[in-house]
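Engineer: This is target08.pdb (PDB, C-alpha atoms).
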```
ATOM      1  CA  MET T 216     -10.513   0.184  -6.660  1.00  0.00           C
ATOM      2  CA  PRO T 217     -12.563   3.280  -5.872  1.00  0.00           C
ATOM      3  CA  THR T 218     -15.093   3.168  -3.051  1.00  0.00           C
ATOM      4  CA  PRO T 219     -18.546   4.810  -3.118  1.00  0.00           C
ATOM      5  CA  ARG T 220     -17.030   7.553  -0.909  1.00  0.00           C
ATOM      6  CA  ASP T 221     -14.298   8.087  -3.492  1.00  0.00           C
ATOM      7  CA  LEU T 222     -16.907   8.490  -6.218  1.00  0.00           C
ATOM      8  CA  ASP T 223     -18.916  10.995  -4.168  1.00  0.00           C
ATOM      9  CA  ALA T 224     -15.742  12.963  -3.493  1.00  0.00           C
ATOM     10  CA  MET T 225     -14.754  12.822  -7.166  1.00  0.00           C
ATOM     11  CA  HIS T 226     -18.115  14.259  -8.172  1.00  0.00           C
ATOM     12  CA  ARG T 227     -17.489  17.223  -5.866  1.00  0.00           C
ATOM     13  CA  ALA T 228     -13.945  17.579  -7.247  1.00  0.00           C
ATOM     14  CA  LEU T 229     -15.333  17.643 -10.796  1.00  0.00           C
ATOM     15  CA  ALA T 230     -17.734  20.431  -9.774  1.00  0.00           C
ATOM     16  CA  LEU T 231     -14.793  22.381  -8.323  1.00  0.00           C
ATOM     17  CA  ALA T 232     -12.863  21.825 -11.553  1.00  0.00           C
ATOM     18  CA  ALA T 233     -15.746  23.352 -13.490  1.00  0.00           C
ATOM     19  CA  GLU T 234     -15.571  26.392 -11.173  1.00  0.00           C
ATOM     20  CA  ALA T 235     -11.846  26.688 -11.902  1.00  0.00           C
ATOM     21  CA  ALA T 236     -12.530  26.700 -15.641  1.00  0.00           C
ATOM     22  CA  ASP T 237     -15.244  29.330 -15.187  1.00  0.00           C
ATOM     23  CA  GLY T 238     -12.615  31.456 -13.419  1.00  0.00           C
ATOM     24  CA  GLY T 239     -10.180  31.084 -16.316  1.00  0.00           C
ATOM     25  CA  ASP T 240      -7.952  28.479 -14.703  1.00  0.00           C
ATOM     26  CA  VAL T 241      -7.119  24.924 -15.721  1.00  0.00           C
ATOM     27  CA  PRO T 242     -10.073  22.780 -14.591  1.00  0.00           C
ATOM     28  CA  VAL T 243      -8.675  20.835 -11.676  1.00  0.00           C
ATOM     29  CA  GLY T 244     -10.592  20.266  -8.455  1.00  0.00           C
ATOM     30  CA  ALA T 245      -9.628  18.401  -5.298  1.00  0.00           C
ATOM     31  CA  VAL T 246     -11.155  17.359  -1.995  1.00  0.00           C
ATOM     32  CA  VAL T 247      -9.747  15.804   1.157  1.00  0.00           C
ATOM     33  CA  ILE T 248     -12.024  13.333   2.889  1.00  0.00           C
ATOM     34  CA  ASP T 249     -11.660  11.871   6.354  1.00  0.00           C
ATOM     35  CA  GLN T 250     -12.167   8.209   7.287  1.00  0.00           C
ATOM     36  CA  ALA T 251     -15.938   8.718   7.468  1.00  0.00           C
ATOM     37  CA  GLY T 252     -15.960  10.130   3.939  1.00  0.00           C
ATOM     38  CA  GLN T 253     -16.683  13.681   5.071  1.00  0.00           C
ATOM     39  CA  ILE T 254     -15.081  16.466   3.077  1.00  0.00           C
ATOM     40  CA  ILE T 255     -12.706  18.373   5.352  1.00  0.00           C
ATOM     41  CA  GLY T 256     -10.931  20.362   2.659  1.00  0.00           C
ATOM     42  CA  GLU T 257     -11.574  21.336  -0.907  1.00  0.00           C
ATOM     43  CA  GLY T 258      -9.833  23.341  -3.560  1.00  0.00           C
ATOM     44  CA  ARG T 259      -9.652  24.241  -7.188  1.00  0.00           C
ATOM     45  CA  ASN T 260      -6.881  25.705  -9.257  1.00  0.00           C
ATOM     46  CA  LEU T 261      -6.516  29.368  -8.276  1.00  0.00           C
ATOM     47  CA  ARG T 262      -3.255  30.302  -9.985  1.00  0.00           C
ATOM     48  CA  GLU T 263      -4.801  32.795 -12.384  1.00  0.00           C
ATOM     49  CA  ILE T 264      -6.948  34.489  -9.744  1.00  0.00           C
ATOM     50  CA  THR T 265      -4.250  34.699  -7.070  1.00  0.00           C
ATOM     51  CA  ASN T 266      -1.107  34.895  -9.240  1.00  0.00           C
ATOM     52  CA  ASP T 267       0.251  32.179  -6.957  1.00  0.00           C
ATOM     53  CA  PRO T 268       2.151  29.403  -8.766  1.00  0.00           C
ATOM     54  CA  THR T 269       1.544  27.047  -5.817  1.00  0.00           C
ATOM     55  CA  ALA T 270      -2.250  27.490  -5.856  1.00  0.00           C
ATOM     56  CA  HIS T 271      -2.930  24.087  -7.370  1.00  0.00           C
ATOM     57  CA  ALA T 272      -6.198  22.423  -6.369  1.00  0.00           C
ATOM     58  CA  GLU T 273      -4.409  19.792  -4.277  1.00  0.00           C
ATOM     59  CA  VAL T 274      -2.397  22.324  -2.270  1.00  0.00           C
ATOM     60  CA  VAL T 275      -5.472  24.475  -1.673  1.00  0.00           C
ATOM     61  CA  ALA T 276      -7.443  21.426  -0.465  1.00  0.00           C
ATOM     62  CA  LEU T 277      -4.605  20.169   1.755  1.00  0.00           C
ATOM     63  CA  ARG T 278      -4.237  23.604   3.371  1.00  0.00           C
ATOM     64  CA  GLU T 279      -7.954  23.821   4.088  1.00  0.00           C
ATOM     65  CA  ALA T 280      -8.066  20.302   5.549  1.00  0.00           C
ATOM     66  CA  ALA T 281      -5.036  20.929   7.772  1.00  0.00           C
ATOM     67  CA  SER T 282      -6.541  24.180   8.997  1.00  0.00           C
ATOM     68  CA  ARG T 283      -9.882  22.539   9.670  1.00  0.00           C
ATOM     69  CA  ILE T 284      -8.457  19.708  11.790  1.00  0.00           C
ATOM     70  CA  ASP T 285      -5.754  21.962  13.252  1.00  0.00           C
ATOM     71  CA  SER T 286      -2.949  19.643  12.142  1.00  0.00           C
ATOM     72  CA  TRP T 287      -0.686  19.300   9.109  1.00  0.00           C
ATOM     73  CA  HIS T 288      -0.718  15.534   9.675  1.00  0.00           C
ATOM     74  CA  LEU T 289      -3.471  14.142   7.413  1.00  0.00           C
ATOM     75  CA  ALA T 290      -2.661  10.479   8.024  1.00  0.00           C
ATOM     76  CA  ASP T 291      -6.298   9.339   8.144  1.00  0.00           C
ATOM     77  CA  CYS T 292      -7.403  11.103   4.965  1.00  0.00           C
ATOM     78  CA  THR T 293      -7.773  10.535   1.250  1.00  0.00           C
ATOM     79  CA  LEU T 294      -7.081  13.181  -1.377  1.00  0.00           C
ATOM     80  CA  VAL T 295      -9.380  12.986  -4.395  1.00  0.00           C
ATOM     81  CA  VAL T 296      -8.377  15.088  -7.419  1.00  0.00           C
ATOM     82  CA  THR T 297      -9.504  15.291 -11.024  1.00  0.00           C
ATOM     83  CA  LEU T 298      -5.978  15.275 -12.518  1.00  0.00           C
ATOM     84  CA  GLU T 299      -2.951  13.216 -11.566  1.00  0.00           C
ATOM     85  CA  PRO T 300      -0.831  15.301  -9.155  1.00  0.00           C
ATOM     86  CA  CYS T 301       2.296  17.039 -10.412  1.00  0.00           C
ATOM     87  CA  VAL T 302       5.676  16.774  -8.668  1.00  0.00           C
ATOM     88  CA  MET T 303       4.997  19.813  -6.452  1.00  0.00           C
ATOM     89  CA  CYS T 304       1.630  18.463  -5.346  1.00  0.00           C
ATOM     90  CA  ALA T 305       3.060  14.975  -4.820  1.00  0.00           C
ATOM     91  CA  GLY T 306       5.618  16.537  -2.486  1.00  0.00           C
ATOM     92  CA  ALA T 307       2.854  18.302  -0.544  1.00  0.00           C
ATOM     93  CA  ILE T 308       0.888  15.046  -0.322  1.00  0.00           C
ATOM     94  CA  LEU T 309       3.931  13.245   1.059  1.00  0.00           C
ATOM     95  CA  GLN T 310       4.664  16.046   3.540  1.00  0.00           C
ATOM     96  CA  ALA T 311       1.063  15.893   4.809  1.00  0.00           C
ATOM     97  CA  ARG T 312       1.386  12.104   5.186  1.00  0.00           C
ATOM     98  CA  VAL T 313      -1.766  11.481   3.154  1.00  0.00           C
ATOM     99  CA  PRO T 314      -1.924   7.682   2.778  1.00  0.00           C
ATOM    100  CA  ARG T 315      -4.209   7.495  -0.260  1.00  0.00           C
ATOM    101  CA  VAL T 316      -4.761   9.483  -3.457  1.00  0.00           C
ATOM    102  CA  VAL T 317      -7.587   8.962  -5.939  1.00  0.00           C
ATOM    103  CA  PHE T 318      -7.470  10.813  -9.246  1.00  0.00           C
ATOM    104  CA  GLY T 319      -9.361  11.055 -12.515  1.00  0.00           C
ATOM    105  CA  SER T 320      -7.244  11.865 -15.551  1.00  0.00           C
ATOM    106  CA  TRP T 321      -3.686  10.670 -16.032  1.00  0.00           C
ATOM    107  CA  ASP T 322      -1.187  13.416 -16.907  1.00  0.00           C
ATOM    108  CA  ALA T 323       1.393  12.082 -19.365  1.00  0.00           C
ATOM    109  CA  LYS T 324       3.219  15.440 -19.444  1.00  0.00           C
ATOM    110  CA  ALA T 325       3.677  16.155 -15.728  1.00  0.00           C
ATOM    111  CA  GLY T 326       2.065  13.394 -13.658  1.00  0.00           C
ATOM    112  CA  ALA T 327       3.905  12.275 -10.534  1.00  0.00           C
ATOM    113  CA  ALA T 328       1.699   9.354  -9.507  1.00  0.00           C
ATOM    114  CA  GLY T 329       2.656   6.864 -12.179  1.00  0.00           C
ATOM    115  CA  SER T 330       2.641   8.607 -15.575  1.00  0.00           C
ATOM    116  CA  MET T 331       5.790  10.676 -16.003  1.00  0.00           C
ATOM    117  CA  TYR T 332       7.105  10.069 -12.486  1.00  0.00           C
ATOM    118  CA  ASP T 333       5.989   7.935  -9.562  1.00  0.00           C
ATOM    119  CA  VAL T 334       6.925  10.145  -6.617  1.00  0.00           C
ATOM    120  CA  LEU T 335       4.001   8.989  -4.473  1.00  0.00           C
ATOM    121  CA  ARG T 336       5.154   5.353  -4.510  1.00  0.00           C
ATOM    122  CA  ASP T 337       8.909   5.859  -4.653  1.00  0.00           C
ATOM    123  CA  ARG T 338      10.467   3.220  -2.380  1.00  0.00           C
ATOM    124  CA  ARG T 339      13.412   5.502  -1.634  1.00  0.00           C
ATOM    125  CA  LEU T 340      11.155   7.835   0.319  1.00  0.00           C
ATOM    126  CA  PRO T 341      10.008   7.180   3.907  1.00  0.00           C
ATOM    127  CA  HIS T 342       6.289   7.536   3.073  1.00  0.00           C
ATOM    128  CA  ARG T 343       4.452   5.832   0.231  1.00  0.00           C
ATOM    129  CA  VAL T 344       0.916   6.446  -0.929  1.00  0.00           C
ATOM    130  CA  GLU T 345      -1.776   4.116  -2.238  1.00  0.00           C
ATOM    131  CA  VAL T 346      -2.736   5.442  -5.683  1.00  0.00           C
ATOM    132  CA  VAL T 347      -6.054   4.818  -7.439  1.00  0.00           C
ATOM    133  CA  GLY T 348      -6.082   6.389 -10.900  1.00  0.00           C
ATOM    134  CA  GLY T 349      -8.612   6.679 -13.679  1.00  0.00           C
ATOM    135  CA  VAL T 350     -11.681   7.321 -11.498  1.00  0.00           C
ATOM    136  CA  GLU T 351     -14.328   9.160 -13.569  1.00  0.00           C
ATOM    137  CA  GLU T 352     -11.526   9.565 -16.087  1.00  0.00           C
ATOM    138  CA  GLN T 353     -13.743  10.317 -19.078  1.00  0.00           C
ATOM    139  CA  ARG T 354     -15.452  13.213 -17.286  1.00  0.00           C
ATOM    140  CA  ALA T 355     -12.138  14.636 -16.080  1.00  0.00           C
ATOM    141  CA  VAL T 356     -10.571  14.370 -19.530  1.00  0.00           C
ATOM    142  CA  ALA T 357     -13.643  15.967 -21.129  1.00  0.00           C
ATOM    143  CA  GLN T 358     -13.306  19.009 -18.843  1.00  0.00           C
ATOM    144  CA  LEU T 359      -9.646  19.425 -19.717  1.00  0.00           C
ATOM    145  CA  ARG T 360     -10.222  18.981 -23.456  1.00  0.00           C
ATOM    146  CA  ALA T 361     -13.073  21.496 -23.461  1.00  0.00           C
ATOM    147  CA  PHE T 362     -10.968  24.051 -21.594  1.00  0.00           C
ATOM    148  CA  PHE T 363      -7.900  23.714 -23.794  1.00  0.00           C
ATOM    149  CA  GLY T 364      -9.996  23.409 -26.953  1.00  0.00           C
ATOM    150  CA  ASP T 365     -11.572  26.769 -26.171  1.00  0.00           C
ATOM    151  CA  LEU T 366      -8.104  28.309 -25.828  1.00  0.00           C
ATOM    152  CA  ARG T 367      -7.026  27.185 -29.287  1.00  0.00           C
TER     153      ARG T 367
END
```
Go ahead and express the file in the form of structure tokens.
Structural biologist:
Amino acid sequence: MPTPRDLDAMHRALALAAEAADGGDVPVGAVVIDQAGQIIGEGRNLREITNDPTAHAEVVALREAASRIDSWHLADCTLVVTLEPCVMCAGAILQARVPRVVFGSWDAKAGAAGSMYDVLRDRRLPHRVEVVGGVEEQRAVAQLRAFFGDLR
């Protein structure tokens, strides 16, 4: 169940996703919040701008948060993202030891938090993540549909 802090963070992530779309990238935004609900890292998809295949919103946000707290270990944080993380981003989340992920739209084609794969909760791995999906889902889906509809 999402908390009021999750919803506030999701609203910021949705704004970042809109910025990504304005920049010609898939509209995905992400924020990392600490235990007090303060944003310590944020990101949006930057692949098109940077020509970096790893510049997904989640990775950008995790990097900023780690830099800000001067530690890769984000064990007291929550990642909030508009689209279900892919396998690469799920790996980064696990490596950062993020205990909780909140996301908007499910990704039936590449999701790694319960749709296509469930990397974040795989019992074979030493770290598992609490996953809260479908938060502000309609708004997240609408952004994606508008972006891809404009491309067609």
Engineer: Using all atoms listed in the file, can you list as a PyMOL selection string the residues within 8 Å of (-6.0, 9.4, 4.5)?
Structural biologist: chain T and resi 248-250+289-294+312-315
Engineer: Report, in Å to a single decimal, how far apart CA of Thr297 (chain T) and CA of Leu229 (chain T) are.
Structural biologist: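 Atom-to-atom, CA of Leu229 (chain T) to CA of Thr297 (chain T), that is 6.3 Å.
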Engineer: What lies within 6 Å of Val246 (chain T) using all atoms listed in the file, ignoring chain neighbours under 4 positions off, as a PDB file with C-alpha atoms, in the coordinates of the input?
Structural biologist:
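As written to disk, out-v2.pdb reads:
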```pdb
ATOM      1  CA  ALA T 228     -13.945  17.579  -7.247  1.00  0.00           C
ATOM      2  CA  GLY T 256     -10.931  20.362   2.659  1.00  0.00           C
ATOM      3  CA  GLU T 257     -11.574  21.336  -0.907  1.00  0.00           C
ATOM      4  CA  ALA T 276      -7.443  21.426  -0.465  1.00  0.00           C
ATOM      5  CA  LEU T 294      -7.081  13.181  -1.377  1.00  0.00           C
ATOM      6  CA  VAL T 295      -9.380  12.986  -4.395  1.00  0.00           C
TER       7      VAL T 295
END
```
Engineer: Once 3 Å is added on each side, what are the centre and the three edge lengths, in Å to one decimal, of the axis-aligned box enclosing the listed atoms of region 236-246 of chain T? Present them as lines of an AutoDock Vina configuration file.
Structural biologist:
```
center_x = -11.2
center_y = 24.4
center_z = -9.2
size_x = 14.1
size_y = 20.1
size_z = 20.3
```
Engineer: Nearest residue to His271 (chain T) out of T:Glu345, T:Ala245, T:Asp285, T:Ile255, using all atoms listed in the file?
Structural biologist: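 Comparing T:Glu345, T:Ala245, T:Asp285, T:Ile255 against His271 (chain T), the winner is T:Ala245.
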Engineer: Ranking T:Arg278, T:Arg259, T:Arg220, T:His342 by minimum distance to Ala236 (chain T) and counting only C-alpha atoms, which one comes first?
Structural biologist: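 Among the listed residues, T:Arg259 lies closest to Ala236 (chain T).
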Engineer: Could you give me, as number ranges by chain, the residues that have an atom at most 10 Å away from the point (-3.8, 6.5, -16.1) in the coordinates of the file, using only C-alpha atoms?
Structural biologist: T: 298-299, 318-323, 326, 328-330, 347-350, 352
Engineer: Between T:Val317, T:Asn260, T:Ala233, T:Trp287, which has the minimum distance to Thr218 (chain T) (counting only C-alpha atoms)?
Structural biologist: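 Smallest distance to Thr218 (chain T) is found for T:Val317.
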Engineer: For the atom pair CA of Glu351 (chain T) and CA of Arg227 (chain T), what is the interatomic distance in Å to one decimal place?
Structural biologist: 11.6 Å
Engineer: Counting all atoms listed in the file, which residue out of T:Val243, T:Ala251, T:Ile308, T:Val334 sits closest to Val274 (chain T)?
Structural biologist: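 Residue with the minimum atom-to-atom distance to Val274 (chain T): T:Ile308.
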Engineer: In Å, how far is it from CA of Val346 (chain T) to CA of Met303 (chain T)?
Structural biologist: 16.3 Å
Engineer: From the set T:Ile264, T:Ala311, T:Val356, T:Ala325, which residue has the shortest atom-to-atom contact distance to Asp237 (chain T), counting all atoms listed in the file?
Structural biologist: T:Ile264
Engineer: Between T:Lys324, T:Ala361, T:Asp337, T:Gly239, single out the one closest to Leu309 (chain T), counting only C-alpha atoms.
Structural biologist: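 Nearest to Leu309 (chain T): T:Asp337.
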Engineer: Rebuild region 314-340 of chain T to N, CA, C and O atoms - output it as a JSON list (two decimals), keeping the file's coordinate frame, please.
Structural biologist:
```
[["chain", "number", "residue", "atom", "x", "y", "z"],
["T", 314, "PRO", "N", -2.23, 9.07, 3.14],
["T", 314, "PRO", "CA", -1.92, 7.68, 2.78],
["T", 314, "PRO", "C", -2.53, 7.21, 1.45],
["T", 314, "PRO", "O", -2.13, 6.17, 0.93],
["T", 315, "ARG", "N", -3.49, 7.99, 0.91],
["T", 315, "ARG", "CA", -4.21, 7.50, -0.26],
["T", 315, "ARG", "C", -4.61, 8.66, -1.15],
["T", 315, "ARG", "O", -5.12, 9.68, -0.67],
["T", 316, "VAL", "N", -4.38, 8.49, -2.47],
["T", 316, "VAL", "CA", -4.76, 9.48, -3.46],
["T", 316, "VAL", "C", -5.59, 8.80, -4.54],
["T", 316, "VAL", "O", -5.20, 7.74, -5.06],
["T", 317, "VAL", "N", -6.70, 9.43, -4.87],
["T", 317, "VAL", "CA", -7.59, 8.96, -5.94],
["T", 317, "VAL", "C", -7.63, 10.08, -6.96],
["T", 317, "VAL", "O", -7.83, 11.24, -6.60],
["T", 318, "PHE", "N", -7.41, 9.76, -8.24],
["T", 318, "PHE", "CA", -7.47, 10.81, -9.25],
["T", 318, "PHE", "C", -8.19, 10.34, -10.50],
["T", 318, "PHE", "O", -8.35, 9.15, -10.73],
["T", 319, "GLY", "N", -8.60, 11.33, -11.30],
["T", 319, "GLY", "CA", -9.36, 11.06, -12.52],
["T", 319, "GLY", "C", -8.48, 10.84, -13.72],
["T", 319, "GLY", "O", -8.19, 9.72, -14.12],
["T", 320, "SER", "N", -8.01, 11.92, -14.31],
["T", 320, "SER", "CA", -7.24, 11.86, -15.55],
["T", 320, "SER", "C", -5.76, 11.68, -15.28],
["T", 320, "SER", "O", -5.19, 12.34, -14.41],
["T", 321, "TRP", "N", -5.13, 10.81, -16.06],
["T", 321, "TRP", "CA", -3.69, 10.67, -16.03],
["T", 321, "TRP", "C", -3.07, 11.88, -16.72],
["T", 321, "TRP", "O", -3.69, 12.46, -17.61],
["T", 322, "ASP", "N", -1.87, 12.26, -16.31],
["T", 322, "ASP", "CA", -1.19, 13.42, -16.91],
["T", 322, "ASP", "C", 0.16, 12.96, -17.46],
["T", 322, "ASP", "O", 1.16, 12.94, -16.74],
["T", 323, "ALA", "N", 0.18, 12.62, -18.74],
["T", 323, "ALA", "CA", 1.39, 12.08, -19.36],
["T", 323, "ALA", "C", 2.52, 13.11, -19.45],
["T", 323, "ALA", "O", 3.67, 12.74, -19.62],
["T", 324, "LYS", "N", 2.20, 14.39, -19.33],
["T", 324, "LYS", "CA", 3.22, 15.44, -19.44],
["T", 324, "LYS", "C", 3.87, 15.79, -18.11],
["T", 324, "LYS", "O", 5.03, 16.18, -18.08],
["T", 325, "ALA", "N", 3.13, 15.70, -17.01],
["T", 325, "ALA", "CA", 3.68, 16.16, -15.73],
["T", 325, "ALA", "C", 3.23, 15.33, -14.54],
["T", 325, "ALA", "O", 3.47, 15.72, -13.39],
["T", 326, "GLY", "N", 2.59, 14.21, -14.76],
["T", 326, "GLY", "CA", 2.06, 13.39, -13.66],
["T", 326, "GLY", "C", 3.16, 12.79, -12.79],
["T", 326, "GLY", "O", 4.17, 12.31, -13.29],
["T", 327, "ALA", "N", 2.92, 12.81, -11.48],
["T", 327, "ALA", "CA", 3.90, 12.28, -10.53],
["T", 327, "ALA", "C", 3.33, 11.15, -9.68],
["T", 327, "ALA", "O", 3.79, 10.91, -8.57],
["T", 328, "ALA", "N", 2.30, 10.47, -10.23],
["T", 328, "ALA", "CA", 1.70, 9.35, -9.51],
["T", 328, "ALA", "C", 1.65, 8.12, -10.40],
["T", 328, "ALA", "O", 0.77, 7.27, -10.26],
["T", 329, "GLY", "N", 2.58, 8.04, -11.34],
["T", 329, "GLY", "CA", 2.66, 6.86, -12.18],
["T", 329, "GLY", "C", 2.83, 7.13, -13.67],
["T", 329, "GLY", "O", 3.25, 6.24, -14.39],
["T", 330, "SER", "N", 2.50, 8.32, -14.14],
["T", 330, "SER", "CA", 2.64, 8.61, -15.58],
["T", 330, "SER", "C", 4.07, 8.96, -15.93],
["T", 330, "SER", "O", 4.83, 8.11, -16.40],
["T", 331, "MET", "N", 4.44, 10.19, -15.70],
["T", 331, "MET", "CA", 5.79, 10.68, -16.00],
["T", 331, "MET", "C", 6.76, 10.26, -14.90],
["T", 331, "MET", "O", 7.87, 9.80, -15.17],
["T", 332, "TYR", "N", 6.33, 10.43, -13.68],
["T", 332, "TYR", "CA", 7.10, 10.07, -12.49],
["T", 332, "TYR", "C", 6.20, 9.25, -11.57],
["T", 332, "TYR", "O", 4.99, 9.22, -11.76],
["T", 333, "ASP", "N", 6.80, 8.64, -10.56],
["T", 333, "ASP", "CA", 5.99, 7.94, -9.56],
["T", 333, "ASP", "C", 6.47, 8.31, -8.17],
["T", 333, "ASP", "O", 6.87, 7.47, -7.37],
["T", 334, "VAL", "N", 6.44, 9.60, -7.89],
["T", 334, "VAL", "CA", 6.92, 10.14, -6.62],
["T", 334, "VAL", "C", 6.14, 9.57, -5.44],
["T", 334, "VAL", "O", 6.72, 9.23, -4.40],
["T", 335, "LEU", "N", 4.83, 9.43, -5.60],
["T", 335, "LEU", "CA", 4.00, 8.99, -4.47],
["T", 335, "LEU", "C", 4.30, 7.57, -4.01],
["T", 335, "LEU", "O", 4.03, 7.23, -2.86],
["T", 336, "ARG", "N", 4.86, 6.75, -4.89],
["T", 336, "ARG", "CA", 5.15, 5.35, -4.51],
["T", 336, "ARG", "C", 6.64, 5.03, -4.58],
["T", 336, "ARG", "O", 7.02, 3.85, -4.60],
["T", 337, "ASP", "N", 7.46, 6.05, -4.56],
["T", 337, "ASP", "CA", 8.91, 5.86, -4.65],
["T", 337, "ASP", "C", 9.42, 5.18, -3.38],
["T", 337, "ASP", "O", 9.32, 5.72, -2.29],
["T", 338, "ARG", "N", 10.00, 4.01, -3.54],
["T", 338, "ARG", "CA", 10.47, 3.22, -2.38],
["T", 338, "ARG", "C", 11.65, 3.85, -1.66],
["T", 338, "ARG", "O", 11.98, 3.46, -0.55],
["T", 339, "ARG", "N", 12.28, 4.83, -2.28],
["T", 339, "ARG", "CA", 13.41, 5.50, -1.63],
["T", 339, "ARG", "C", 12.95, 6.52, -0.59],
["T", 339, "ARG", "O", 13.75, 6.99, 0.21],
["T", 340, "LEU", "N", 11.69, 6.85, -0.61],
["T", 340, "LEU", "CA", 11.16, 7.84, 0.32],
["T", 340, "LEU", "C", 10.55, 7.14, 1.53],
["T", 340, "LEU", "O", 10.08, 6.00, 1.43]]
```
